[in-house]
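Listing of target.tsv; format and content: TSV, C-alpha atoms.
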chain	number	residue	atom	x	y	z
A	87	MET	CA	28.92	-24.10	-35.17
A	88	ALA	CA	27.43	-25.41	-38.40
A	89	LYS	CA	26.20	-22.85	-40.84
A	90	PRO	CA	22.43	-22.41	-41.06
A	91	LYS	CA	20.84	-24.10	-44.04
A	92	ILE	CA	18.82	-22.55	-46.81
A	93	ALA	CA	16.56	-24.52	-49.14
A	94	THR	CA	14.93	-23.31	-52.33
A	95	THR	CA	12.40	-24.77	-54.72
A	96	SER	CA	10.42	-23.85	-57.80
A	97	LEU	CA	6.81	-25.03	-57.83
A	98	ALA	CA	4.54	-23.66	-60.58
A	99	GLY	CA	7.12	-21.07	-61.58
A	100	CYS	CA	9.50	-20.45	-64.45
A	101	PHE	CA	12.80	-20.46	-62.49
A	102	GLY	CA	13.03	-16.74	-63.16
A	103	CYS	CA	13.10	-16.05	-59.43
A	104	HIS	CA	15.97	-18.51	-59.06
A	105	MET	CA	17.77	-16.66	-61.85
A	106	SER	CA	17.23	-13.53	-59.80
A	107	VAL	CA	18.82	-15.27	-56.78
A	108	LEU	CA	21.88	-15.92	-58.96
A	109	ASP	CA	21.69	-12.30	-60.04
A	110	ILE	CA	23.10	-11.26	-56.65
A	111	ASP	CA	26.37	-11.83	-58.57
A	112	GLU	CA	29.53	-11.91	-56.46
A	113	ARG	CA	27.49	-11.49	-53.30
A	114	ILE	CA	26.78	-15.21	-53.65
A	115	LEU	CA	30.33	-15.73	-52.30
A	116	GLU	CA	29.33	-13.80	-49.19
A	117	LEU	CA	26.14	-15.81	-48.99
A	118	ILE	CA	27.88	-19.19	-48.97
A	119	GLU	CA	30.09	-17.93	-46.15
A	120	LEU	CA	26.91	-17.40	-44.14
A	121	VAL	CA	24.75	-20.35	-45.17
A	122	GLU	CA	24.87	-23.83	-46.58
A	123	PHE	CA	22.49	-24.69	-49.43
A	124	ASP	CA	20.25	-27.67	-48.79
A	125	LYS	CA	17.66	-28.89	-51.32
A	126	SER	CA	17.80	-26.44	-54.20
A	127	PRO	CA	17.99	-26.38	-58.00
A	128	ILE	CA	21.20	-24.38	-57.51
A	129	ASP	CA	23.15	-27.35	-56.06
A	130	ASP	CA	20.77	-30.02	-57.42
A	131	ILE	CA	20.21	-31.62	-54.00
A	132	LYS	CA	16.85	-33.34	-54.42
A	133	ARG	CA	15.70	-33.88	-50.83
A	134	LEU	CA	15.57	-31.81	-47.70
A	135	SER	CA	18.21	-33.18	-45.33
A	136	GLY	CA	16.69	-31.82	-42.14
A	137	ARG	CA	16.01	-28.57	-40.35
A	138	CYS	CA	16.61	-25.43	-42.43
A	139	LEU	CA	16.68	-21.84	-41.28
A	140	LEU	CA	15.27	-20.45	-44.52
A	141	GLY	CA	13.08	-21.79	-47.28
A	142	LEU	CA	12.57	-19.86	-50.51
A	143	VAL	CA	9.55	-20.95	-52.51
A	144	GLU	CA	9.09	-19.82	-56.08
A	145	GLY	CA	5.77	-20.44	-57.85
A	146	GLY	CA	2.29	-21.32	-56.66
A	147	CYS	CA	0.66	-24.74	-56.39
A	148	CYS	CA	-0.74	-26.12	-59.65
A	149	ASN	CA	-0.54	-29.85	-58.82
A	150	GLU	CA	-0.43	-32.23	-55.88
A	151	GLU	CA	3.35	-32.56	-56.02
A	152	ASN	CA	3.66	-28.78	-55.53
A	153	VAL	CA	1.48	-29.06	-52.43
A	154	HIS	CA	3.57	-31.95	-51.12
A	155	VAL	CA	6.86	-30.07	-51.59
A	156	LEU	CA	5.41	-26.87	-50.12
A	157	LYS	CA	4.17	-28.69	-46.99
A	158	GLU	CA	7.56	-30.38	-46.64
A	159	PHE	CA	9.23	-26.96	-46.79
A	160	ARG	CA	6.83	-25.63	-44.18
A	161	THR	CA	7.62	-28.57	-41.91
A	162	HIS	CA	11.39	-28.19	-42.20
A	163	CYS	CA	12.00	-24.44	-42.56
A	164	ASN	CA	11.97	-21.99	-39.68
A	165	VAL	CA	11.23	-19.08	-41.97
A	166	LEU	CA	9.35	-19.66	-45.20
A	167	ILE	CA	9.59	-16.96	-47.88
A	168	ALA	CA	7.24	-16.67	-50.84
A	169	LEU	CA	9.55	-15.64	-53.65
A	170	GLY	CA	7.95	-13.75	-56.53
A	171	ASP	CA	4.50	-13.02	-57.92
A	172	CYS	CA	3.63	-16.65	-58.83
A	173	ALA	CA	4.11	-17.66	-55.20
A	174	THR	CA	2.18	-14.70	-53.82
A	175	MET	CA	-0.66	-14.44	-56.37
A	176	GLY	CA	-0.41	-17.41	-58.73
A	177	GLY	CA	1.18	-15.40	-61.54
A	178	ILE	CA	1.07	-16.47	-65.17
A	179	PRO	CA	0.06	-20.09	-64.37
A	180	ALA	CA	-2.99	-18.67	-62.56
A	181	LEU	CA	-4.30	-17.30	-65.87
A	182	ARG	CA	-5.94	-20.72	-66.16
A	183	ASN	CA	-7.93	-20.09	-63.00
A	184	VAL	CA	-10.76	-18.44	-64.92
A	185	ILE	CA	-11.07	-21.43	-67.28
A	186	PRO	CA	-12.37	-24.85	-66.17
A	187	LEU	CA	-9.57	-27.44	-65.96
A	188	ARG	CA	-11.26	-29.71	-68.49
A	189	GLU	CA	-11.26	-26.91	-71.08
A	190	CYS	CA	-7.57	-26.21	-70.42
A	191	LEU	CA	-6.66	-29.87	-70.99
A	192	ASP	CA	-8.84	-30.09	-74.10
A	193	GLU	CA	-7.14	-27.01	-75.55
A	194	ALA	CA	-3.66	-28.32	-74.69
A	195	TYR	CA	-4.07	-31.92	-75.88
A	196	ARG	CA	-6.96	-32.03	-78.34
A	197	LEU	CA	-8.26	-28.78	-79.75
A	198	GLY	CA	-5.25	-26.44	-79.92
A	199	PRO	CA	-4.36	-25.44	-83.51
A	200	THR	CA	-0.88	-27.01	-83.35
A	201	VAL	CA	-1.83	-30.18	-81.47
A	202	TYR	CA	-0.95	-33.53	-83.11
A	203	ASN	CA	-2.53	-36.22	-80.97
A	204	PRO	CA	-4.24	-38.91	-83.10
A	205	THR	CA	-5.63	-40.85	-80.13
A	206	GLY	CA	-7.03	-37.69	-78.54
A	207	ALA	CA	-5.86	-38.99	-75.18
A	208	ILE	CA	-5.16	-36.61	-72.31
A	209	PRO	CA	-2.08	-37.78	-70.30
A	210	ASN	CA	-3.29	-39.61	-67.22
A	211	ASP	CA	-0.37	-41.75	-66.05
A	212	PRO	CA	-0.41	-42.45	-62.29
A	213	ASP	CA	3.18	-41.16	-62.15
A	214	LEU	CA	2.10	-37.72	-63.31
A	215	PRO	CA	1.21	-35.35	-60.46
A	216	LEU	CA	-2.51	-34.72	-60.41
A	217	LEU	CA	-3.43	-31.20	-61.49
A	218	LEU	CA	-5.36	-29.09	-59.02
A	219	ASN	CA	-8.63	-27.47	-60.07
A	220	LYS	CA	-6.80	-24.12	-60.07
A	221	VAL	CA	-3.44	-22.60	-59.21
A	222	TYR	CA	-3.19	-21.61	-55.54
A	223	PRO	CA	-0.90	-18.90	-54.14
A	224	VAL	CA	1.32	-20.51	-51.49
A	225	GLN	CA	-0.18	-18.57	-48.59
A	226	GLU	CA	-3.53	-20.22	-49.35
A	227	VAL	CA	-1.92	-23.63	-48.67
A	228	VAL	CA	0.55	-23.10	-45.81
A	229	LYS	CA	1.53	-20.27	-43.47
A	230	ILE	CA	4.06	-17.95	-45.09
A	231	ASP	CA	6.38	-15.80	-42.98
A	232	CYS	CA	7.36	-13.21	-45.53
A	233	TYR	CA	6.77	-12.21	-49.11
A	234	LEU	CA	9.10	-10.90	-51.78
A	235	PRO	CA	6.91	-9.75	-54.66
A	236	GLY	CA	8.16	-9.11	-58.18
A	237	CYS	CA	8.38	-10.87	-61.51
A	238	PRO	CA	11.05	-11.63	-60.57
A	239	PRO	CA	11.95	-9.93	-57.27
A	240	SER	CA	15.13	-7.97	-57.94
A	241	ALA	CA	18.43	-9.40	-56.77
A	242	ASP	CA	18.72	-6.40	-54.45
A	243	ALA	CA	15.36	-7.23	-52.85
A	244	ILE	CA	16.40	-10.86	-52.36
A	245	TRP	CA	19.74	-9.79	-50.94
A	246	ALA	CA	18.12	-7.26	-48.60
A	247	ALA	CA	15.73	-9.91	-47.29
A	248	LEU	CA	18.38	-12.62	-46.88
A	249	THR	CA	20.87	-10.38	-45.08
A	250	ALA	CA	18.14	-9.05	-42.79
A	251	LEU	CA	16.97	-12.54	-41.85
A	252	LEU	CA	20.48	-13.95	-41.41
A	253	ASN	CA	21.34	-11.07	-39.09
A	254	GLY	CA	18.14	-11.44	-37.08
A	255	ARG	CA	16.67	-8.17	-38.30
A	256	PRO	CA	13.11	-7.71	-39.60
A	257	ILE	CA	12.80	-7.35	-43.37
A	258	GLU	CA	12.13	-3.73	-44.23
A	259	LEU	CA	12.21	-3.28	-47.97
A	260	PRO	CA	12.63	0.30	-49.14
A	261	TYR	CA	10.11	1.73	-51.64
A	262	GLU	CA	12.13	0.86	-54.72
A	263	LEU	CA	12.49	-2.81	-53.82
A	264	ILE	CA	8.77	-3.59	-53.63
A	265	LYS	CA	7.70	-4.10	-57.23
A	266	TYR	CA	5.05	-6.31	-58.78
A	267	ASP	CA	6.68	-6.52	-62.20
B	241	MET	CA	-20.23	33.91	-43.27
B	242	SER	CA	-16.54	33.50	-42.61
B	243	ASP	CA	-14.35	32.93	-45.62
B	244	THR	CA	-12.18	30.33	-43.92
B	245	VAL	CA	-12.97	27.12	-42.11
B	246	ALA	CA	-10.59	25.98	-39.37
B	247	LEU	CA	-9.97	22.26	-38.98
B	248	THR	CA	-7.19	19.89	-37.98
B	249	ILE	CA	-5.82	16.92	-39.88
B	250	ASP	CA	-3.45	14.68	-37.89
B	251	ASN	CA	-2.95	17.50	-35.36
B	252	VAL	CA	-2.00	19.97	-38.10
B	253	GLN	CA	-4.20	23.07	-37.99
B	254	LEU	CA	-5.29	24.36	-41.35
B	255	GLN	CA	-7.70	26.80	-42.89
B	256	GLY	CA	-9.97	25.57	-45.64
B	257	ARG	CA	-12.47	27.48	-47.72
B	258	PRO	CA	-16.24	27.00	-47.40
B	259	GLY	CA	-17.53	24.40	-49.85
B	260	GLN	CA	-14.28	22.48	-50.06
B	261	THR	CA	-14.15	18.79	-49.37
B	262	ILE	CA	-11.73	17.41	-46.79
B	263	LEU	CA	-9.57	16.07	-49.61
B	264	GLU	CA	-9.41	19.44	-51.40
B	265	ALA	CA	-8.52	21.28	-48.21
B	266	ALA	CA	-5.84	18.69	-47.39
B	267	ASP	CA	-4.37	18.89	-50.91
B	268	GLU	CA	-4.04	22.67	-50.62
B	269	ALA	CA	-2.30	22.27	-47.28
B	270	GLY	CA	0.16	19.75	-48.74
B	271	ILE	CA	-1.32	16.81	-46.83
B	272	TYR	CA	-1.78	13.82	-49.11
B	273	ILE	CA	-4.84	11.69	-48.47
B	274	PRO	CA	-4.59	8.52	-50.62
B	275	ARG	CA	-7.32	8.20	-53.25
B	276	LEU	CA	-8.11	6.11	-56.31
B	277	CYS	CA	-11.57	7.04	-57.64
B	278	HIS	CA	-11.10	10.76	-57.06
B	279	LEU	CA	-9.49	12.84	-59.79
B	280	LYS	CA	-9.19	16.61	-59.79
B	281	GLY	CA	-11.52	18.03	-62.43
B	282	LEU	CA	-14.14	15.30	-62.05
B	283	GLN	CA	-17.19	15.27	-59.78
B	284	PRO	CA	-16.40	13.54	-56.46
B	285	PHE	CA	-17.73	9.99	-56.52
B	286	GLY	CA	-16.74	8.23	-53.29
B	287	SER	CA	-16.64	4.64	-54.53
B	288	CYS	CA	-13.17	3.35	-53.65
B	289	ARG	CA	-13.14	4.56	-50.01
B	290	VAL	CA	-9.34	4.59	-50.02
B	291	CYS	CA	-9.56	8.24	-48.91
B	292	THR	CA	-11.37	7.17	-45.74
B	293	VAL	CA	-10.49	9.39	-42.77
B	294	LEU	CA	-11.88	9.54	-39.26
B	295	VAL	CA	-13.88	12.73	-38.77
B	296	ASN	CA	-14.46	13.31	-35.08
B	297	GLY	CA	-13.95	9.55	-34.75
B	298	ARG	CA	-16.30	8.47	-37.53
B	299	PRO	CA	-15.16	7.05	-40.89
B	300	GLN	CA	-15.95	9.31	-43.87
B	301	ALA	CA	-14.80	9.52	-47.48
B	302	ALA	CA	-12.57	12.60	-47.64
B	303	CYS	CA	-13.36	13.14	-51.34
B	304	THR	CA	-17.08	13.68	-50.77
B	305	GLN	CA	-17.29	15.04	-47.22
B	306	PRO	CA	-17.42	18.88	-47.06
B	307	ILE	CA	-15.35	20.55	-44.37
B	308	SER	CA	-16.97	22.23	-41.42
B	309	PRO	CA	-15.52	24.36	-38.60
B	310	GLY	CA	-13.72	22.51	-35.84
B	311	MET	CA	-13.50	19.15	-37.60
B	312	VAL	CA	-10.85	16.89	-36.07
B	313	ILE	CA	-9.61	14.55	-38.79
B	314	GLU	CA	-7.34	11.53	-38.48
B	315	SER	CA	-5.72	10.46	-41.73
B	316	SER	CA	-2.32	8.91	-41.16
B	317	THR	CA	-2.99	7.02	-37.93
B	318	GLU	CA	-2.33	3.29	-37.75
B	319	GLN	CA	-6.05	2.55	-37.60
B	320	VAL	CA	-6.81	4.49	-40.78
B	321	ARG	CA	-3.76	3.03	-42.54
B	322	GLU	CA	-5.05	-0.47	-41.79
B	323	ILE	CA	-8.49	0.39	-43.20
B	324	ARG	CA	-6.87	1.65	-46.40
B	325	LYS	CA	-4.57	-1.34	-46.70
B	326	ASP	CA	-7.59	-3.62	-46.38
B	327	LEU	CA	-9.39	-1.73	-49.13
B	328	ILE	CA	-6.36	-1.91	-51.44
B	329	ASP	CA	-5.93	-5.63	-50.69
B	330	MET	CA	-9.57	-6.24	-51.56
B	331	LEU	CA	-9.27	-4.35	-54.85
B	332	PHE	CA	-6.37	-6.63	-55.79
B	333	VAL	CA	-8.00	-9.95	-54.88
B	334	GLU	CA	-11.41	-9.22	-56.39
B	335	GLY	CA	-10.00	-8.55	-59.85
B	336	ASN	CA	-7.32	-10.18	-61.97
B	337	HIS	CA	-4.34	-7.88	-61.59
B	338	PHE	CA	-1.41	-9.47	-63.40
B	339	CYS	CA	1.10	-6.67	-62.99
B	340	MET	CA	3.88	-8.62	-64.68
B	341	PHE	CA	2.43	-8.11	-68.14
B	342	CYS	CA	0.08	-5.19	-67.63
B	343	GLU	CA	0.60	-2.24	-69.97
B	344	ARG	CA	-0.02	0.18	-67.09
B	345	SER	CA	2.49	-1.34	-64.69
B	346	GLY	CA	4.73	1.37	-63.27
B	347	ASN	CA	2.14	4.02	-64.09
B	348	CYS	CA	-0.80	2.30	-62.35
B	349	GLU	CA	-2.33	4.13	-59.41
B	350	LEU	CA	-3.63	0.96	-57.74
B	351	GLN	CA	-0.18	-0.63	-57.92
B	352	ALA	CA	1.44	2.62	-56.79
B	353	MET	CA	-0.93	2.77	-53.83
B	354	ALA	CA	0.06	-0.76	-52.79
B	355	TYR	CA	3.74	0.23	-53.12
B	356	ARG	CA	3.16	3.32	-51.01
B	357	PHE	CA	1.60	1.20	-48.29
B	358	GLY	CA	4.45	-1.33	-48.52
B	359	ILE	CA	2.07	-4.19	-49.33
B	360	SER	CA	4.08	-7.26	-50.34
B	361	ALA	CA	1.05	-9.56	-50.62
B	362	PRO	CA	-2.71	-9.15	-50.04
B	363	ARG	CA	-4.12	-10.57	-46.83
B	364	TYR	CA	-7.19	-12.09	-48.50
B	365	PRO	CA	-7.68	-15.10	-50.79
B	366	PHE	CA	-7.78	-14.33	-54.50
B	367	LEU	CA	-11.17	-14.64	-56.20
B	368	PHE	CA	-9.96	-15.03	-59.81
B	369	PRO	CA	-13.24	-13.83	-61.34
B	370	SER	CA	-14.01	-14.54	-64.97
B	371	ARG	CA	-14.05	-11.19	-66.78
B	372	ALA	CA	-14.07	-10.20	-70.43
B	373	VAL	CA	-11.79	-8.14	-72.66
B	374	ASP	CA	-13.40	-5.87	-75.28
B	375	ALA	CA	-10.86	-5.16	-78.00
B	376	SER	CA	-13.48	-4.49	-80.70
B	377	HIS	CA	-12.50	-0.84	-81.19
B	378	PRO	CA	-9.55	-0.19	-83.55
B	379	ASP	CA	-7.81	2.24	-81.16
B	380	ILE	CA	-9.13	1.39	-77.68
B	381	MET	CA	-9.53	-1.67	-75.50
B	382	ILE	CA	-11.25	-2.42	-72.21
B	383	ASP	CA	-9.82	-5.14	-69.97
B	384	HIS	CA	-12.52	-5.74	-67.37
B	385	ASN	CA	-10.10	-7.93	-65.37
B	386	ARG	CA	-8.38	-4.78	-64.17
B	387	CYS	CA	-11.36	-2.46	-63.70
B	388	ILE	CA	-11.79	-1.18	-60.13
B	389	ARG	CA	-15.13	0.53	-60.92
B	390	CYS	CA	-13.86	3.97	-59.93
B	391	ALA	CA	-16.18	5.59	-62.52
B	392	ARG	CA	-13.52	8.03	-63.68
B	393	CYS	CA	-14.19	7.12	-67.34
B	394	VAL	CA	-17.95	7.27	-66.68
B	395	ARG	CA	-17.67	10.79	-65.26
B	396	ALA	CA	-15.14	12.05	-67.80
B	397	SER	CA	-17.17	10.80	-70.75
B	398	ARG	CA	-20.36	12.29	-69.36
B	399	ASP	CA	-19.06	15.59	-67.97
B	400	LEU	CA	-16.01	16.42	-70.07
B	401	ASP	CA	-16.74	14.73	-73.41
B	402	GLY	CA	-20.54	15.09	-73.25
B	403	LYS	CA	-20.98	11.54	-74.53
B	404	GLU	CA	-21.95	9.05	-71.81
B	405	VAL	CA	-20.04	6.23	-73.44
B	406	PHE	CA	-19.55	4.35	-70.16
B	407	GLY	CA	-21.83	3.33	-67.33
B	408	PHE	CA	-22.35	0.61	-64.77
B	409	VAL	CA	-24.61	-2.43	-64.87
B	410	ASN	CA	-25.58	-4.91	-62.12
B	411	ARG	CA	-25.19	-4.34	-58.41
B	412	GLY	CA	-23.02	-5.26	-55.45
B	413	PRO	CA	-20.18	-7.66	-56.25
B	414	HIS	CA	-21.61	-8.12	-59.76
B	415	LYS	CA	-21.34	-4.44	-60.64
B	416	GLU	CA	-19.32	-3.90	-63.79
B	417	LEU	CA	-18.41	-1.30	-66.36
B	418	ALA	CA	-20.53	-1.34	-69.48
B	419	VAL	CA	-20.56	0.63	-72.73
B	420	ASN	CA	-23.40	2.59	-74.25
B	421	ALA	CA	-24.10	0.12	-77.06
B	422	ALA	CA	-25.71	-3.29	-77.45
B	423	ALA	CA	-22.48	-5.04	-76.59
B	424	ARG	CA	-19.23	-3.71	-77.97
B	425	LEU	CA	-17.11	-0.62	-77.53
B	426	VAL	CA	-16.73	-0.23	-81.31
B	427	ASP	CA	-20.47	0.50	-81.57
B	428	THR	CA	-20.26	3.52	-79.24
B	429	THR	CA	-19.30	7.11	-80.10
B	430	VAL	CA	-16.03	6.82	-78.15
B	431	ASP	CA	-12.93	8.27	-79.75
B	432	VAL	CA	-9.31	7.80	-78.79
B	433	THR	CA	-8.99	11.59	-78.32
B	434	ASP	CA	-11.77	11.64	-75.68
B	435	GLN	CA	-10.74	12.93	-72.27
B	436	ALA	CA	-12.20	9.72	-70.83
B	437	MET	CA	-9.23	7.93	-72.38
B	438	ASN	CA	-6.77	9.69	-70.08
B	439	VAL	CA	-8.32	9.07	-66.67
B	440	CYS	CA	-8.22	5.30	-65.99
B	441	PRO	CA	-6.10	4.75	-62.85
B	442	VAL	CA	-5.40	1.12	-63.79
B	443	GLY	CA	-4.90	-0.80	-67.04
B	444	ALA	CA	-8.60	-1.29	-67.75
B	445	LEU	CA	-9.16	1.39	-70.40
B	446	LEU	CA	-6.20	1.52	-72.76
B	447	LYS	CA	-5.16	3.15	-75.99
B	448	LYS	CA	-3.91	0.51	-78.37
B	449	ARG	CA	-0.33	0.66	-79.67
B	450	THR	CA	0.87	2.85	-76.81
B	451	ALA	CA	2.02	0.13	-74.41
B	452	TYR	CA	5.48	-0.37	-72.92
B	453	VAL	CA	6.82	2.85	-74.45
B	454	VAL	CA	8.52	4.02	-71.26
B	455	PRO	CA	11.25	1.63	-70.07
B	456	ILE	CA	11.29	0.17	-66.56
B	457	GLY	CA	13.07	2.60	-64.28
B	458	ARG	CA	11.63	5.70	-65.95
B	459	ARG	CA	7.94	5.13	-65.29
B	460	LYS	CA	5.89	7.41	-63.10
B	461	TYR	CA	6.01	5.43	-59.86
B	462	ASP	CA	9.31	3.54	-60.28
B	463	HIS	CA	11.19	5.79	-57.85
B	464	THR	CA	8.63	8.21	-56.42
B	465	PRO	CA	5.62	7.18	-54.34
B	466	ILE	CA	2.18	8.30	-55.46
B	467	GLY	CA	1.17	11.48	-53.62
B	468	SER	CA	4.71	12.86	-53.47
B	469	GLU	CA	3.71	15.79	-55.69
B	470	ILE	CA	1.15	16.90	-53.09
B	471	GLU	CA	3.42	16.30	-50.11
B	472	GLY	CA	6.26	18.06	-51.94
B	473	ALA	CA	4.18	21.23	-52.08
B	474	ARG	CA	4.13	21.31	-48.28
B	475	SER	CA	7.85	20.93	-47.71
B	476	GLN	CA	8.69	23.84	-50.03
Rendering of file as structure tokens:
Amino acid sequence: MAKPKIATTSLAGCFGCHMSVLDIDERILELIELVEFDKSPIDDIKRLSGRCLLGLVEGGCCNEENVHVLKEFRTHCNVLIALGDCATMGGIPALRNVIPLRECLDEAYRLGPTVYNPTGAIPNDPDLPLLLNKVYPVQEVVKIDCYLPGCPPSADAIWAALTALLNGRPIELPYELIKYD
Amino acid sequence: MSDTVALTIDNVQLQGRPGQTILEAADEAGIYIPRLCHLKGLQPFGSCRVCTVLVNGRPQAACTQPISPGMVIESSTEQVREIRKDLIDMLFVEGNHFCMFCERSGNCELQAMAYRFGISAPRYPFLFPSRAVDASHPDIMIDHNRCIRCARCVRASRDLDGKEVFGFVNRGPHKELAVNAAARLVDTTVDVTDQAMNVCPVGALLKKRTAYVVPIGRRKYDHTPIGSEIEGARSQ
């Protein structure tokens, strides 16, 4: 029987949660005995190849490409996991949510004290993903099956969740593995 | 008048003293009822409702409700747990609680309460309100993003410090903490040694230059759930 597949992605995140996945250290050898990695920054596969058992999503949705990838994960993954605080509550990117988008762009490309931009243009190429009005936690865009909070979630929390799911058990994180920082 | 009052909490029979609130009687019996706005030594306030219990089937705030003979109280039933989880969820989504960089993280009672209830994500959409930070005072700052309007600082300043530095303005969802000055904290009589400075359950009222002193792993709620000190008294 083929090994179940696991896909991971980073949306509006910093890849810190992916670093925490790697932080399971030598347990990653056990993990690849159990699963095959599909689309993921870890193996650099760019597209989902088909049905996956697990999807790990780091980061919230700050642009239309994030929404596209997230919906694709929802379509192809049996169990979708929100990985980390940015996925579950927007995190640092969501600091912009209290400031109108126009003001954010003006600060970044025109008014910021270190900006050098003689034309004063704000990037608007059709190839650039359109920014959303604010950063959305993933559960406000698609249905999420489970959440691993933390900035990042500890490797032990990720390992506990993965081993539970791969063995068909419910995820029951002990007190010390639920952290928001 | 009898000098004890018999009641039951979660099928445990206990004897309280006349004049006690449900929360005080439970504390003495080693039964922890979760609470955020209540703090021993301050007047009961009853704003957060996290201490909600069912008294003879009706929801009441345990911190303000006096005990009476024969009360049957449910505190740790699934129904009451769900009410409390909802309240905690709502406190998270209606403010801007960025735990990852908050100075109070690990020592925050709101965060600790969510940990105790095993909340991995709130069930409601985030509101991301626009709130101000007042860092005008040389030693103290207020981050309104994190304020849960528990009124601990209001009560401590009024009753313990005799100053009335803090109060509330506006009503309903617009209610917010305000200072007793035209605009800024620096124009009040607040001092960093005030008792009001030691009561904030979250990272809203902070002493400057005291942040991140305790490393992760050694903070108050890193290993021990909030309320353990009260429950520990029972098991001994």
* Find, counting only C-alpha atoms, the residue in B:Arg344, B:Arg392, B:Arg257, B:Lys325 that gets nearest to chain A. =>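 Closest to chain A, using only C-alpha atoms: B:Arg344.
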Report as CSV the residues of chain B within 9 Å of chain A, each with its shortest atom pair and distance in Å (one decimal), using all atoms listed in the file, ordered by chain and increasing residue number.
residue,atom,partner,partner_atom,distance
B:Val333,CA,A:Met175,CA,8.7
B:Asn336,CA,A:Leu181,CA,8.7
B:Phe338,CA,A:Gly177,CA,6.7
B:Cys339,CA,A:Asp267,CA,5.6
B:Met340,CA,A:Asp267,CA,4.3
B:Phe341,CA,A:Asp267,CA,7.5
B:Cys342,CA,A:Asp267,CA,8.6
B:Ser345,CA,A:Asp267,CA,7.1
B:Gly346,CA,A:Asp267,CA,8.2
B:Gln351,CA,A:Tyr266,CA,7.8
B:Tyr355,CA,A:Ile264,CA,6.3
B:Arg356,CA,A:Tyr261,CA,7.2
B:Gly358,CA,A:Ile264,CA,7.1
B:Ile359,CA,A:Ile264,CA,8.0
B:Ser360,CA,A:Pro235,CA,5.7
B:Ala361,CA,A:Thr174,CA,6.2
B:Pro362,CA,A:Thr174,CA,8.3
B:Tyr364,CA,A:Glu226,CA,9.0
B:Pro365,CA,A:Glu226,CA,6.7
B:Phe366,CA,A:Met175,CA,7.4
B:Phe368,CA,A:Val184,CA,6.2
B:Pro369,CA,A:Val184,CA,6.3
B:Ser370,CA,A:Val184,CA,5.1
B:Arg371,CA,A:Val184,CA,8.2
B:Asp462,CA,A:Glu262,CA,6.8
B:His463,CA,A:Glu262,CA,5.9
B:Thr464,CA,A:Tyr261,CA,8.2
B:Pro465,CA,A:Tyr261,CA,7.6
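Nearest to Ala246 (chain B) of all the residues B:Ile313, B:Ala354, B:Cys303, B:Ala418 is B:Ile313, based on only C-alpha atoms.
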* Structure fact -> Nearest to Glu122 (chain A), restricted to all atoms listed in the file and choosing among A:Ala93, A:Leu156, A:Leu216, A:Ala243, comes out as A:Ala93
* Asked: Within 12 Å of Leu254 (chain B), counting all atoms listed in the file, which residues qualify if same-chain residues fewer than 2 places away don't, as a VMD selection string?
  -> chain B and resid 244 to 252 256 to 257 262 264 to 271 307 to 313
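Non-sequential neighbours of Val121 (chain A) (distance at most 7 Å, separation of 6 or more positions within a chain, only C-alpha atoms) are Lys89, Pro90, Lys91 and Ile92 of chain A.
Interatomic distance, CA of Leu169 (chain A) to CA of Gln319 (chain B): 28.8 Å.
The gap separating CA of Cys148 (chain A) from CA of Gly443 (chain B) is 26.7 Å, in Å to one decimal.
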* Please identify all polymer residues within 6 Å of region 96-111 of chain A, counting all atoms listed in the file, omitting same-chain residues fewer than 4 positions from it, and present them as a count of residues only. => 8
* To do: May I have the residues within 7 Å of Leu218 (chain A) as a list in words, using all atoms listed in the file and disregarding those fewer than 3 positions away in the same chain?
  => Cys148, Asn149, Glu150 and Val221 of chain A
Those same residues, written as a compact mmCIF listing (two decimals), in the coordinates of the input with C-alpha atoms?
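Output saved as selection15.txt:
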# COMPACT_ATOMS: atom_id res chain seq x y z
CA CYS A 148 -0.74 -26.12 -59.65
CA ASN A 149 -0.54 -29.85 -58.82
CA GLU A 150 -0.43 -32.23 -55.88
CA VAL A 221 -3.44 -22.60 -59.21
* To do: For region 419-434 of chain B, please output as an MDAnalysis selection string all residues within 6 Å (counting only C-alpha atoms; exclusion window: fewer than 3 positions along the same chain).
  => chainID B and resid 376:377 405:406 437
Generate the coordinates of N, CA and C atoms for region 431-437 of chain B; report them as a compact mmCIF listing (two decimals), in the frame of the given file.
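Below is the file that was written, part10.txt:
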# COMPACT_ATOMS: atom_id res chain seq x y z
N ASP B 431 -14.05 7.99 -78.87
CA ASP B 431 -12.93 8.27 -79.75
C ASP B 431 -11.66 8.28 -78.92
N VAL B 432 -10.56 7.92 -79.53
CA VAL B 432 -9.31 7.80 -78.79
C VAL B 432 -8.85 9.16 -78.24
N THR B 433 -9.37 10.26 -78.82
CA THR B 433 -8.99 11.59 -78.32
C THR B 433 -9.89 12.07 -77.18
N ASP B 434 -10.89 11.26 -76.80
CA ASP B 434 -11.77 11.64 -75.68
C ASP B 434 -10.96 11.83 -74.40
N GLN B 435 -11.41 12.75 -73.55
CA GLN B 435 -10.74 12.93 -72.27
C GLN B 435 -10.90 11.70 -71.38
N ALA B 436 -11.98 10.95 -71.61
CA ALA B 436 -12.20 9.72 -70.83
C ALA B 436 -11.05 8.74 -71.01
N MET B 437 -10.32 8.87 -72.11
CA MET B 437 -9.23 7.93 -72.38
C MET B 437 -7.99 8.20 -71.53
